[in-house]
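Data block for upload24.pdb (PDB, C-alpha atoms and all ligand atoms):
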```
ATOM      1  CA  MET A   1      17.906  -2.342 -14.220
ATOM      2  CA  ASN A   2      18.115  -6.098 -14.023
ATOM      3  CA  ASP A   3      16.460  -7.713 -17.068
ATOM      4  CA  ASN A   4      14.960 -10.562 -15.100
ATOM      5  CA  PRO A   5      14.311  -9.469 -11.541
ATOM      6  CA  ALA A   6      12.961 -11.969  -9.021
ATOM      7  CA  PRO A   7       9.288 -11.728  -8.082
ATOM      8  CA  VAL A   8       9.193  -9.881  -4.808
ATOM      9  CA  LEU A   9       5.561 -10.836  -4.441
ATOM     10  CA  ARG A  10       3.550 -13.617  -5.998
ATOM     11  CA  ALA A  11       0.006 -14.733  -5.333
ATOM     12  CA  GLN A  12      -1.918 -17.590  -6.849
ATOM     13  CA  GLY A  13      -5.608 -18.412  -6.660
ATOM     14  CA  LEU A  14      -6.411 -16.080  -3.767
ATOM     15  CA  VAL A  15      -9.977 -16.362  -2.509
ATOM     16  CA  LYS A  16     -11.429 -14.526   0.483
ATOM     17  CA  THR A  17     -15.030 -14.369   1.660
ATOM     18  CA  HIS A  18     -16.006 -12.131   4.576
ATOM     19  CA  TYR A  19     -18.863 -13.285   6.789
ATOM     20  CA  GLY A  20     -20.510 -10.154   8.181
ATOM     21  CA  GLU A  21     -23.951  -9.169   9.483
ATOM     22  CA  SER A  22     -25.329  -8.883   5.949
ATOM     23  CA  GLY A  23     -24.265 -12.348   4.859
ATOM     24  CA  PRO A  24     -21.165 -13.462   2.959
ATOM     25  CA  ALA A  25     -19.213 -10.959   0.859
ATOM     26  CA  HIS A  26     -17.105 -12.612  -1.826
ATOM     27  CA  ALA A  27     -14.392  -9.955  -1.704
ATOM     28  CA  VAL A  28     -11.619 -11.777  -3.610
ATOM     29  CA  ARG A  29     -12.671 -14.517  -6.023
ATOM     30  CA  GLY A  30      -9.481 -15.929  -7.463
ATOM     31  CA  ALA A  31      -6.618 -13.469  -7.907
ATOM     32  CA  ASP A  32      -3.186 -14.231  -9.356
ATOM     33  CA  LEU A  33      -0.457 -11.637  -9.091
ATOM     34  CA  TYR A  34       3.224 -11.472  -9.958
ATOM     35  CA  VAL A  35       5.159  -8.364  -8.944
ATOM     36  CA  ARG A  36       8.811  -8.036  -9.885
ATOM     37  CA  GLN A  37      11.407  -6.366  -7.758
ATOM     38  CA  GLY A  38      11.424  -2.619  -8.323
ATOM     39  CA  GLU A  39       8.033  -2.484 -10.037
ATOM     40  CA  PHE A  40       5.524   0.241  -9.230
ATOM     41  CA  VAL A  41       2.058  -1.288  -9.585
ATOM     42  CA  ALA A  42      -1.202   0.615  -9.196
ATOM     43  CA  ILE A  43      -4.444  -1.235  -8.448
ATOM     44  CA  THR A  44      -7.611   0.555  -9.352
ATOM     45  CA  GLY A  45     -11.279  -0.401  -9.399
ATOM     46  CA  PRO A  46     -14.709   0.517  -8.041
ATOM     47  CA  SER A  47     -15.683   0.671  -4.388
ATOM     48  CA  GLY A  48     -16.312  -2.789  -2.969
ATOM     49  CA  ALA A  49     -14.262  -4.540  -5.684
ATOM     50  CA  GLY A  50     -12.038  -6.153  -3.030
ATOM     51  CA  LYS A  51      -8.909  -4.010  -3.320
ATOM     52  CA  SER A  52      -8.380  -3.473   0.416
ATOM     53  CA  THR A  53      -9.086  -7.131   1.093
ATOM     54  CA  LEU A  54      -6.444  -8.061  -1.486
ATOM     55  CA  LEU A  55      -3.843  -5.841   0.239
ATOM     56  CA  HIS A  56      -4.774  -7.315   3.624
ATOM     57  CA  LEU A  57      -4.144 -10.793   2.229
ATOM     58  CA  LEU A  58      -0.829  -9.757   0.647
ATOM     59  CA  SER A  59       0.407  -8.357   3.971
ATOM     60  CA  GLY A  60      -0.751 -11.321   6.080
ATOM     61  CA  LEU A  61      -3.282  -9.223   8.004
ATOM     62  CA  GLN A  62      -6.038 -11.553   6.798
ATOM     63  CA  GLN A  63      -5.734 -15.193   5.800
ATOM     64  CA  PRO A  64      -7.033 -16.327   2.404
ATOM     65  CA  ASP A  65      -9.663 -19.100   2.321
ATOM     66  CA  THR A  66      -7.630 -20.707  -0.449
ATOM     67  CA  GLY A  67      -4.610 -19.708  -2.510
ATOM     68  CA  SER A  68      -0.965 -19.018  -1.755
ATOM     69  CA  ILE A  69       1.371 -16.068  -1.393
ATOM     70  CA  TRP A  70       5.144 -16.010  -1.910
ATOM     71  CA  LEU A  71       7.397 -13.218  -0.645
ATOM     72  CA  ASP A  72      10.830 -13.128  -2.288
ATOM     73  CA  GLY A  73      10.151 -16.649  -3.510
ATOM     74  CA  GLU A  74       9.308 -18.013  -0.066
ATOM     75  CA  ARG A  75       5.885 -19.550   0.379
ATOM     76  CA  THR A  76       4.034 -17.972   3.305
ATOM     77  CA  ASP A  77       1.214 -20.518   3.807
ATOM     78  CA  ALA A  78       2.683 -21.912   7.008
ATOM     79  CA  TRP A  79       3.631 -18.551   8.503
ATOM     80  CA  ARG A  80       2.069 -17.802  11.877
ATOM     81  CA  GLU A  81       0.991 -14.344  12.925
ATOM     82  CA  SER A  82       4.294 -13.756  14.773
ATOM     83  CA  ARG A  83       6.293 -14.472  11.610
ATOM     84  CA  TRP A  84       4.127 -12.106   9.564
ATOM     85  CA  ALA A  85       4.609  -9.423  12.231
ATOM     86  CA  VAL A  86       8.391  -9.726  11.910
ATOM     87  CA  GLU A  87       8.241  -9.635   8.111
ATOM     88  CA  ARG A  88       5.969  -6.595   8.159
ATOM     89  CA  ARG A  89       8.461  -4.812  10.403
ATOM     90  CA  LYS A  90      11.436  -5.745   8.234
ATOM     91  CA  ARG A  91      10.315  -5.796   4.661
ATOM     92  CA  ILE A  92       6.721  -4.663   4.137
ATOM     93  CA  GLY A  93       5.585  -1.088   4.726
ATOM     94  CA  ILE A  94       1.807  -0.754   4.907
ATOM     95  CA  VAL A  95      -0.373   2.313   4.529
ATOM     96  CA  PHE A  96      -3.952   1.540   5.547
ATOM     97  CA  GLN A  97      -6.940   3.125   3.885
ATOM     98  CA  PHE A  98      -8.078   4.462   7.259
ATOM     99  CA  PHE A  99      -4.599   5.302   8.587
ATOM    100  CA  ASN A 100      -4.611   3.122  11.789
ATOM    101  CA  LEU A 101      -2.335   5.476  13.706
ATOM    102  CA  VAL A 102      -1.852   4.730  17.407
ATOM    103  CA  SER A 103      -4.274   7.242  18.923
ATOM    104  CA  ASN A 104      -2.472   7.886  22.213
ATOM    105  CA  LEU A 105       0.985   8.356  20.683
ATOM    106  CA  SER A 106       2.235  11.645  19.252
ATOM    107  CA  VAL A 107       2.892  12.058  15.543
ATOM    108  CA  ALA A 108       6.638  11.775  16.215
ATOM    109  CA  ASP A 109       6.220   8.558  18.230
ATOM    110  CA  ASN A 110       3.885   7.010  15.643
ATOM    111  CA  VAL A 111       6.531   7.440  12.946
ATOM    112  CA  GLU A 112       9.519   6.478  15.098
ATOM    113  CA  LEU A 113       7.976   3.402  16.717
ATOM    114  CA  PRO A 114       8.502   0.951  13.805
ATOM    115  CA  ALA A 115      12.114   2.104  13.491
ATOM    116  CA  LEU A 116      12.764   1.583  17.202
ATOM    117  CA  LEU A 117      11.052  -1.830  17.109
ATOM    118  CA  ALA A 118      13.313  -2.790  14.210
ATOM    119  CA  GLY A 119      16.392  -1.888  16.287
ATOM    120  CA  ALA A 120      17.256   1.635  15.098
ATOM    121  CA  SER A 121      18.861   3.957  17.656
ATOM    122  CA  PRO A 122      16.593   6.741  19.002
ATOM    123  CA  LYS A 123      18.837   9.249  17.226
ATOM    124  CA  ARG A 124      18.506   7.496  13.894
ATOM    125  CA  ALA A 125      14.742   7.033  14.282
ATOM    126  CA  ARG A 126      14.372  10.721  15.037
ATOM    127  CA  ALA A 127      16.457  11.770  12.035
ATOM    128  CA  GLU A 128      14.432   9.544   9.690
ATOM    129  CA  ARG A 129      11.185  10.856  11.112
ATOM    130  CA  GLU A 130      12.270  14.478  10.711
ATOM    131  CA  GLU A 131      13.300  13.920   7.108
ATOM    132  CA  LEU A 132      10.118  12.092   6.096
ATOM    133  CA  LEU A 133       7.735  14.528   7.779
ATOM    134  CA  ALA A 134       9.562  17.502   6.280
ATOM    135  CA  GLU A 135       9.365  15.932   2.854
ATOM    136  CA  LEU A 136       5.649  15.351   3.281
ATOM    137  CA  GLY A 137       5.084  18.940   4.375
ATOM    138  CA  ILE A 138       4.007  18.334   7.986
ATOM    139  CA  THR A 139       6.549  20.010  10.209
ATOM    140  CA  GLY A 140       5.490  21.573  13.505
ATOM    141  CA  LYS A 141       2.933  18.837  14.304
ATOM    142  CA  GLU A 142       5.335  16.350  15.886
ATOM    143  CA  ARG A 143       3.818  16.616  19.353
ATOM    144  CA  SER A 144       0.191  16.483  18.193
ATOM    145  CA  LEU A 145      -1.959  13.417  18.713
ATOM    146  CA  PRO A 146      -3.489  11.885  15.559
ATOM    147  CA  ALA A 147      -6.986  13.110  16.532
ATOM    148  CA  GLU A 148      -5.669  16.696  16.421
ATOM    149  CA  LEU A 149      -4.693  16.369  12.747
ATOM    150  CA  SER A 150      -6.728  16.707   9.575
ATOM    151  CA  GLY A 151      -7.442  13.566   7.552
ATOM    152  CA  GLY A 152      -4.795  14.522   5.001
ATOM    153  CA  GLU A 153      -2.203  15.121   7.717
ATOM    154  CA  GLN A 154      -2.974  11.759   9.326
ATOM    155  CA  GLN A 155      -2.618  10.149   5.929
ATOM    156  CA  ARG A 156       0.857  11.584   5.424
ATOM    157  CA  VAL A 157       1.916  10.527   8.935
ATOM    158  CA  ALA A 158       0.724   7.007   8.062
ATOM    159  CA  LEU A 159       2.872   7.077   4.917
ATOM    160  CA  ALA A 160       5.913   8.308   6.886
ATOM    161  CA  ARG A 161       5.378   5.471   9.374
ATOM    162  CA  ALA A 162       5.218   2.917   6.550
ATOM    163  CA  LEU A 163       8.444   4.212   4.970
ATOM    164  CA  VAL A 164      10.567   4.801   8.067
ATOM    165  CA  ASN A 165      12.280   1.395   7.848
ATOM    166  CA  HIS A 166      12.920   1.698   4.084
ATOM    167  CA  PRO A 167      10.902  -1.460   3.372
ATOM    168  CA  PRO A 168      11.778  -3.216   0.103
ATOM    169  CA  LEU A 169       8.009  -3.587  -0.476
ATOM    170  CA  LEU A 170       5.414  -0.888   0.135
ATOM    171  CA  LEU A 171       1.704  -1.776   0.104
ATOM    172  CA  ALA A 172      -0.386   1.394   0.210
ATOM    173  CA  ASP A 173      -4.186   1.659   0.229
ATOM    174  CA  GLU A 174      -5.398   5.014  -1.145
ATOM    175  CA  PRO A 175      -2.413   6.976   0.220
ATOM    176  CA  THR A 176      -3.740  10.210  -1.305
ATOM    177  CA  GLY A 177      -7.463   9.680  -0.661
ATOM    178  CA  SER A 178      -7.788  12.627   1.757
ATOM    179  CA  LEU A 179      -5.233  14.938   0.163
ATOM    180  CA  ASP A 180      -5.553  18.092  -1.910
ATOM    181  CA  SER A 181      -3.537  18.412  -5.100
ATOM    182  CA  ARG A 182      -0.488  19.809  -3.309
ATOM    183  CA  GLY A 183      -0.501  16.969  -0.759
ATOM    184  CA  THR A 184      -0.936  14.484  -3.599
ATOM    185  CA  ARG A 185       2.102  15.950  -5.379
ATOM    186  CA  GLU A 186       4.196  15.640  -2.210
ATOM    187  CA  VAL A 187       3.188  12.014  -1.781
ATOM    188  CA  MET A 188       3.870  11.297  -5.460
ATOM    189  CA  ARG A 189       7.307  12.866  -5.185
ATOM    190  CA  LEU A 190       8.152  10.769  -2.141
ATOM    191  CA  LEU A 191       6.869   7.578  -3.759
ATOM    192  CA  SER A 192       8.894   8.197  -6.922
ATOM    193  CA  ARG A 193      12.002   8.751  -4.844
ATOM    194  CA  PHE A 194      11.489   5.422  -3.110
ATOM    195  CA  HIS A 195      10.736   3.763  -6.431
ATOM    196  CA  GLN A 196      13.924   5.167  -7.956
ATOM    197  CA  ARG A 197      15.892   3.621  -5.107
ATOM    198  CA  GLY A 198      14.622   0.229  -6.226
ATOM    199  CA  GLN A 199      11.776  -0.252  -3.773
ATOM    200  CA  THR A 200       8.716  -2.135  -4.978
ATOM    201  CA  ILE A 201       5.394  -0.354  -4.619
ATOM    202  CA  VAL A 202       1.881  -1.783  -4.862
ATOM    203  CA  LEU A 203      -0.733   0.842  -4.314
ATOM    204  CA  VAL A 204      -4.488   1.051  -4.494
ATOM    205  CA  THR A 205      -5.725   4.355  -5.810
ATOM    206  CA  HIS A 206      -8.715   6.079  -7.354
ATOM    207  CA  ASP A 207      -6.445   8.901  -8.500
ATOM    208  CA  ALA A 208      -5.750   8.571 -12.223
ATOM    209  CA  ARG A 209      -2.718  10.877 -11.971
ATOM    210  CA  LEU A 210      -1.137   8.726  -9.297
ATOM    211  CA  ALA A 211      -1.931   5.546 -11.224
ATOM    212  CA  SER A 212      -0.342   6.971 -14.349
ATOM    213  CA  ALA A 213       2.947   7.362 -12.459
ATOM    214  CA  ALA A 214       3.066   3.552 -12.044
ATOM    215  CA  ASP A 215       4.765   1.032 -14.348
ATOM    216  CA  ARG A 216       1.664  -1.144 -14.405
ATOM    217  CA  VAL A 217      -2.024  -0.607 -13.740
ATOM    218  CA  ILE A 218      -4.187  -3.496 -12.577
ATOM    219  CA  SER A 219      -7.953  -3.076 -12.769
ATOM    220  CA  PHE A 220      -9.642  -4.990 -10.001
ATOM    221  CA  PHE A 221     -13.297  -5.703 -10.565
ATOM    222  CA  ASP A 222     -15.685  -7.886  -8.577
ATOM    223  CA  GLY A 223     -12.920  -9.750  -6.753
ATOM    224  CA  ARG A 224     -10.845 -10.474  -9.834
ATOM    225  CA  ILE A 225      -8.158  -8.890 -11.964
ATOM    226  CA  ALA A 226     -10.026  -7.595 -15.009
ATOM    227  CA  ASP A 227      -7.072  -5.978 -16.731
ATOM    228  CA  ASP A 228      -3.315  -5.754 -16.226
ATOM    229  CA  ALA A 229      -1.585  -3.146 -18.376
ATOM    230  CA  THR A 230       2.087  -2.278 -18.473
ATOM    231  CA  LEU A 231       2.482   1.435 -19.140
ATOM    232  CA  GLU A 232       5.105   2.869 -21.423
ATOM    233  CA  SER A 233       7.506   5.206 -19.723
ATOM    234  CA  THR A 234       6.895   8.253 -21.902
ATOM    235  CA  PRO A 235       4.567  10.872 -20.459
ATOM    236  CA  SER A 236       2.359  10.849 -23.564
ATOM    237  CA  HIS A 237       1.677   7.131 -23.172
ATOM    238  CA  ARG A 238       0.940   7.666 -19.503
ATOM    239  CA  GLN A 239      -1.663  10.243 -20.372
ATOM    240  CA  GLY A 240      -3.257   7.603 -22.571
ATOM    241  CA  ALA A 241      -3.195   5.051 -19.786
ATOM    242  CA  SER A 242      -5.297   7.227 -17.518
ATOM    243  CA  GLY A 243      -8.035   6.883 -20.116
ATOM    244  CA  VAL A 244      -8.048   3.142 -19.401
ATOM    245  CA  LEU A 245      -8.605   3.895 -15.711
ATOM    246  CA  ARG A 246     -11.764   5.814 -16.370
ATOM    247  CA  LEU A 247     -13.409   2.593 -17.541
ATOM    248  CA  HIS A 248     -13.973   1.518 -13.936
ATOM    249  CA  ASP A 249     -14.015   4.858 -12.114
TER     250      ASP A 249
HETATM  251  N1  LIG A 301     -14.596  -7.240   7.652
HETATM  252  C1  LIG A 301     -15.562  -7.377   6.745
HETATM  253  N2  LIG A 301     -16.707  -8.018   7.046
HETATM  254  C2  LIG A 301     -17.673  -8.198   6.127
HETATM  255  N3  LIG A 301     -17.599  -7.759   4.868
HETATM  256  C3  LIG A 301     -16.483  -7.097   4.504
HETATM  257  C4  LIG A 301     -15.409  -6.867   5.423
HETATM  258  N4  LIG A 301     -14.431  -6.188   4.771
HETATM  259  C5  LIG A 301     -14.879  -6.002   3.526
HETATM  260  N5  LIG A 301     -16.110  -6.540   3.346
HETATM  261  C6  LIG A 301     -16.895  -6.565   2.093
HETATM  262  O1  LIG A 301     -16.050  -7.133   1.082
HETATM  263  C7  LIG A 301     -16.200  -6.430  -0.154
HETATM  264  C8  LIG A 301     -14.860  -5.876  -0.605
HETATM  265  O2  LIG A 301     -14.447  -4.880   0.342
HETATM  266  P1  LIG A 301     -13.074  -4.092   0.195
HETATM  267  O3  LIG A 301     -12.944  -3.239   1.403
HETATM  268  O4  LIG A 301     -11.998  -5.072  -0.062
HETATM  269  O5  LIG A 301     -13.352  -3.218  -1.119
HETATM  270  P2  LIG A 301     -12.502  -2.036  -1.781
HETATM  271  O6  LIG A 301     -12.292  -2.392  -3.206
HETATM  272  O7  LIG A 301     -11.301  -1.757  -0.959
HETATM  273  O8  LIG A 301     -13.515  -0.787  -1.710
HETATM  274  P3  LIG A 301     -13.203   0.783  -1.500
HETATM  275  O9  LIG A 301     -12.724   1.302  -2.837
HETATM  276  O10 LIG A 301     -14.542   1.350  -1.137
HETATM  277  O11 LIG A 301     -12.196   0.930  -0.416
HETATM  278  C9  LIG A 301     -17.268  -5.384   0.078
HETATM  279  O12 LIG A 301     -18.501  -5.919  -0.330
HETATM  280  C10 LIG A 301     -17.259  -5.203   1.601
HETATM  281  O13 LIG A 301     -18.535  -4.818   2.067
HETATM  282 MG    MG A 302     -10.685  -0.170   0.168
END
```

Render the structure in this file as structure tokens.
Amino acid sequence: MNDNPAPVLRAQGLVKTHYGESGPAHAVRGADLYVRQGEFVAITGPSGAGKSTLLHLLSGLQQPDTGSIWLDGERTDAWRESRWAVERRKRIGIVFQFFNLVSNLSVADNVELPALLAGASPKRARAEREELLAELGITGKERSLPAELSGGEQQRVALARALVNHPPLLLADEPTGSLDSRGTREVMRLLSRFHQRGQTIVLVTHDARLASAADRVISFFDGRIADDATLESTPSHRQGASGVLRLHD
């Protein structure tokens, strides 16, 4: 491992207020973040703390009211939607909390589409899709439509779609929220494999086991980072770290 890896993601002073039917929601109230290449960062915190909003800002799906984001050292403030779309295809894999699969495309097409859009051959896209779905334990459902799958199956398809282009940065929002313990283990195994290959992972999770597999756990509370703890790599320390998580769960 490089001793001083470049920040793959940096955010400074992020603020985002949503204006909905029930008045303004101050979802993110000033967040600074610095994620090094190859880090596996878990973000945890209570419902409504602003975790999903933070991920939407970091992936350019929502614009901050104030604050800046840098990807691989490049400031993104001036990026238009089209530029963000290209960057998301090339270097950011996103797993949404509520899956966002394309409802009229089969499972196979949902996973292959980002690969084809990024220029992979149909043969290559198919091979990647087969490998990812097999690894996530959902073979035999390739021709199904998303609505014909369980929540946990849809969740794993969403993860396969996010990983099909081997993005250097994965942003995942509760990727195991609808899974049983076996599904969670399969997702954890896949995430560790990607992490070992040097990919950077930022994931939001309520699952203390998943969080304890990360290098760092950030507690997000009321729109701000309340705690940022680097975990030791020994399993005994990681057990201890999950105790920290329970503070806000
Ligand atoms: N599009 C929106 N319009 C209005 N308010 C919103 C919108 N999206 C989020 N909010 C509000 O912003 C706050 C933060 O929401 P967010 O979804 O970021 O929380 P979260 O930490 O992801 O919660 P959860 O753990 O339940 O997923 C909440 O008060 C929510 O009601
Ligand atoms: Mg959320």

With 12 Å as the cut-off and all atoms listed in the file counted, what is the closest atom pair between each nearby residue of chain A and ligand LIG 301 (chain A)? Distances in Å to one decimal, ordered by chain and number, as JSON lines.
```
{"residue": "A:Val15", "atom": "CA", "partner": "A:LIG301", "partner_atom": "O1", "distance": 11.6}
{"residue": "A:Lys16", "atom": "CA", "partner": "A:LIG301", "partner_atom": "O1", "distance": 8.7}
{"residue": "A:Thr17", "atom": "CA", "partner": "A:LIG301", "partner_atom": "O1", "distance": 7.3}
{"residue": "A:His18", "atom": "CA", "partner": "A:LIG301", "partner_atom": "C2", "distance": 4.5}
{"residue": "A:Tyr19", "atom": "CA", "partner": "A:LIG301", "partner_atom": "C2", "distance": 5.3}
{"residue": "A:Gly20", "atom": "CA", "partner": "A:LIG301", "partner_atom": "C2", "distance": 4.0}
{"residue": "A:Glu21", "atom": "CA", "partner": "A:LIG301", "partner_atom": "C2", "distance": 7.2}
{"residue": "A:Ser22", "atom": "CA", "partner": "A:LIG301", "partner_atom": "C2", "distance": 7.7}
{"residue": "A:Gly23", "atom": "CA", "partner": "A:LIG301", "partner_atom": "C2", "distance": 7.9}
{"residue": "A:Pro24", "atom": "CA", "partner": "A:LIG301", "partner_atom": "N3", "distance": 7.0}
{"residue": "A:Ala25", "atom": "CA", "partner": "A:LIG301", "partner_atom": "O1", "distance": 5.0}
{"residue": "A:His26", "atom": "CA", "partner": "A:LIG301", "partner_atom": "O1", "distance": 6.3}
{"residue": "A:Ala27", "atom": "CA", "partner": "A:LIG301", "partner_atom": "C8", "distance": 4.3}
{"residue": "A:Val28", "atom": "CA", "partner": "A:LIG301", "partner_atom": "C8", "distance": 7.4}
{"residue": "A:Arg29", "atom": "CA", "partner": "A:LIG301", "partner_atom": "C8", "distance": 10.4}
{"residue": "A:Ile43", "atom": "CA", "partner": "A:LIG301", "partner_atom": "O6", "distance": 9.5}
{"residue": "A:Thr44", "atom": "CA", "partner": "A:LIG301", "partner_atom": "O6", "distance": 8.3}
{"residue": "A:Gly45", "atom": "CA", "partner": "A:LIG301", "partner_atom": "O6", "distance": 6.6}
{"residue": "A:Pro46", "atom": "CA", "partner": "A:LIG301", "partner_atom": "O9", "distance": 5.6}
{"residue": "A:Ser47", "atom": "CA", "partner": "A:LIG301", "partner_atom": "O9", "distance": 3.4}
{"residue": "A:Gly48", "atom": "CA", "partner": "A:LIG301", "partner_atom": "O5", "distance": 3.5}
{"residue": "A:Ala49", "atom": "CA", "partner": "A:LIG301", "partner_atom": "O6", "distance": 3.8}
{"residue": "A:Gly50", "atom": "CA", "partner": "A:LIG301", "partner_atom": "O4", "distance": 3.2}
{"residue": "A:Lys51", "atom": "CA", "partner": "A:LIG301", "partner_atom": "O6", "distance": 3.8}
{"residue": "A:Ser52", "atom": "CA", "partner": "A:LIG301", "partner_atom": "O7", "distance": 3.7}
{"residue": "A:Thr53", "atom": "CA", "partner": "A:LIG301", "partner_atom": "O4", "distance": 3.7}
{"residue": "A:Leu54", "atom": "CA", "partner": "A:LIG301", "partner_atom": "O4", "distance": 6.5}
{"residue": "A:Leu55", "atom": "CA", "partner": "A:LIG301", "partner_atom": "O4", "distance": 8.2}
{"residue": "A:His56", "atom": "CA", "partner": "A:LIG301", "partner_atom": "O4", "distance": 8.4}
{"residue": "A:Leu57", "atom": "CA", "partner": "A:LIG301", "partner_atom": "O4", "distance": 10.0}
{"residue": "A:Leu61", "atom": "CA", "partner": "A:LIG301", "partner_atom": "N1", "distance": 11.5}
{"residue": "A:Gln62", "atom": "CA", "partner": "A:LIG301", "partner_atom": "N1", "distance": 9.6}
{"residue": "A:Phe96", "atom": "CA", "partner": "A:LIG301", "partner_atom": "O11", "distance": 10.2}
{"residue": "A:Gln97", "atom": "CA", "partner": "A:LIG301", "partner_atom": "O11", "distance": 7.1}
{"residue": "A:Phe98", "atom": "CA", "partner": "A:LIG301", "partner_atom": "O11", "distance": 9.4}
{"residue": "A:Ala172", "atom": "CA", "partner": "A:LIG301", "partner_atom": "O7", "distance": 11.4}
{"residue": "A:Asp173", "atom": "CA", "partner": "A:LIG301", "partner_atom": "O7", "distance": 8.0}
{"residue": "A:Glu174", "atom": "CA", "partner": "A:LIG301", "partner_atom": "O11", "distance": 8.0}
{"residue": "A:Pro175", "atom": "CA", "partner": "A:LIG301", "partner_atom": "O11", "distance": 11.5}
{"residue": "A:Gly177", "atom": "CA", "partner": "A:LIG301", "partner_atom": "O11", "distance": 10.0}
{"residue": "A:Leu203", "atom": "CA", "partner": "A:LIG301", "partner_atom": "O7", "distance": 11.4}
{"residue": "A:Val204", "atom": "CA", "partner": "A:LIG301", "partner_atom": "O7", "distance": 8.2}
{"residue": "A:Thr205", "atom": "CA", "partner": "A:LIG301", "partner_atom": "O9", "distance": 8.2}
{"residue": "A:His206", "atom": "CA", "partner": "A:LIG301", "partner_atom": "O9", "distance": 7.7}
{"residue": "A:Asp207", "atom": "CA", "partner": "A:LIG301", "partner_atom": "O9", "distance": 11.4}
{"residue": "A:Ser219", "atom": "CA", "partner": "A:LIG301", "partner_atom": "O6", "distance": 10.5}
{"residue": "A:Phe220", "atom": "CA", "partner": "A:LIG301", "partner_atom": "O6", "distance": 7.7}
{"residue": "A:Phe221", "atom": "CA", "partner": "A:LIG301", "partner_atom": "O6", "distance": 8.1}
{"residue": "A:Asp222", "atom": "CA", "partner": "A:LIG301", "partner_atom": "C8", "distance": 8.3}
{"residue": "A:Gly223", "atom": "CA", "partner": "A:LIG301", "partner_atom": "C8", "distance": 7.5}
{"residue": "A:Arg224", "atom": "CA", "partner": "A:LIG301", "partner_atom": "O6", "distance": 10.6}
{"residue": "A:Ile225", "atom": "CA", "partner": "A:LIG301", "partner_atom": "O6", "distance": 11.7}
{"residue": "A:His248", "atom": "CA", "partner": "A:LIG301", "partner_atom": "O9", "distance": 11.2}
{"residue": "A:Asp249", "atom": "CA", "partner": "A:LIG301", "partner_atom": "O9", "distance": 10.0}
```

Selected residues written out, C-alpha atoms, as a short mmCIF file (atom, residue, chain, number, x, y, z; two decimals), in the frame of the given file:
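Result went into part_5.cif, see below:
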```
data_model
loop_
_atom_site.label_atom_id
_atom_site.label_comp_id
_atom_site.auth_asym_id
_atom_site.auth_seq_id
_atom_site.Cartn_x
_atom_site.Cartn_y
_atom_site.Cartn_z
CA VAL A 15 -9.98 -16.36 -2.51
CA LYS A 16 -11.43 -14.53 0.48
CA THR A 17 -15.03 -14.37 1.66
CA HIS A 18 -16.01 -12.13 4.58
CA TYR A 19 -18.86 -13.28 6.79
CA GLY A 20 -20.51 -10.15 8.18
CA GLU A 21 -23.95 -9.17 9.48
CA SER A 22 -25.33 -8.88 5.95
CA GLY A 23 -24.26 -12.35 4.86
CA PRO A 24 -21.16 -13.46 2.96
CA ALA A 25 -19.21 -10.96 0.86
CA HIS A 26 -17.10 -12.61 -1.83
CA ALA A 27 -14.39 -9.96 -1.70
CA VAL A 28 -11.62 -11.78 -3.61
CA ARG A 29 -12.67 -14.52 -6.02
CA ILE A 43 -4.44 -1.24 -8.45
CA THR A 44 -7.61 0.56 -9.35
CA GLY A 45 -11.28 -0.40 -9.40
CA PRO A 46 -14.71 0.52 -8.04
CA SER A 47 -15.68 0.67 -4.39
CA GLY A 48 -16.31 -2.79 -2.97
CA ALA A 49 -14.26 -4.54 -5.68
CA GLY A 50 -12.04 -6.15 -3.03
CA LYS A 51 -8.91 -4.01 -3.32
CA SER A 52 -8.38 -3.47 0.42
CA THR A 53 -9.09 -7.13 1.09
CA LEU A 54 -6.44 -8.06 -1.49
CA LEU A 55 -3.84 -5.84 0.24
CA HIS A 56 -4.77 -7.32 3.62
CA LEU A 57 -4.14 -10.79 2.23
CA LEU A 61 -3.28 -9.22 8.00
CA GLN A 62 -6.04 -11.55 6.80
CA PHE A 96 -3.95 1.54 5.55
CA GLN A 97 -6.94 3.12 3.88
CA PHE A 98 -8.08 4.46 7.26
CA ALA A 172 -0.39 1.39 0.21
CA ASP A 173 -4.19 1.66 0.23
CA GLU A 174 -5.40 5.01 -1.14
CA PRO A 175 -2.41 6.98 0.22
CA GLY A 177 -7.46 9.68 -0.66
CA LEU A 203 -0.73 0.84 -4.31
CA VAL A 204 -4.49 1.05 -4.49
CA THR A 205 -5.72 4.36 -5.81
CA HIS A 206 -8.72 6.08 -7.35
CA ASP A 207 -6.44 8.90 -8.50
CA SER A 219 -7.95 -3.08 -12.77
CA PHE A 220 -9.64 -4.99 -10.00
CA PHE A 221 -13.30 -5.70 -10.56
CA ASP A 222 -15.68 -7.89 -8.58
CA GLY A 223 -12.92 -9.75 -6.75
CA ARG A 224 -10.84 -10.47 -9.83
CA ILE A 225 -8.16 -8.89 -11.96
CA HIS A 248 -13.97 1.52 -13.94
CA ASP A 249 -14.02 4.86 -12.11
#
```

(message) If I take atom CA of A:Arg83 and atom CA of A:Leu105, how far is one from the other in Å, to one decimal?
(response) 25.1 Å

(message) Counting only C-alpha atoms, which residue out of A:Arg189, A:Ser106, A:Thr66, A:Ala31 sits closest to A:Asp228?
(response) A:Ala31

(request) Pick out the residues sitting within 10 Å of A:Arg36, and hand them over as a list in words; count only C-alpha atoms, and ignore anything fewer than 2 positions along from it in its own chain. (result) Asn4, Pro5, Ala6, Pro7, Val8, Leu9, Arg10, Leu33, Tyr34, Gly38, Glu39, Phe40, Val41, Asp72, Thr200 and Ile201 of chain A

(message) Set the distance at 9 Å and use all atoms listed in the file: which residues neighbour A:Ser192 once local chain neighbours fewer than 5 positions away are removed? I'd like the list as a PyMOL selection string.
(response) chain A and resi 40+187+197+213

Convert the current residue selection to file output with C-alpha atoms, as a PDB file, in the coordinates of the input.
```pdb
ATOM      1  CA  PHE A  40       5.524   0.241  -9.230  1.00  0.00           C
ATOM      2  CA  VAL A 187       3.188  12.014  -1.781  1.00  0.00           C
ATOM      3  CA  ARG A 197      15.892   3.621  -5.107  1.00  0.00           C
ATOM      4  CA  ALA A 213       2.947   7.362 -12.459  1.00  0.00           C
TER       5      ALA A 213
END
```
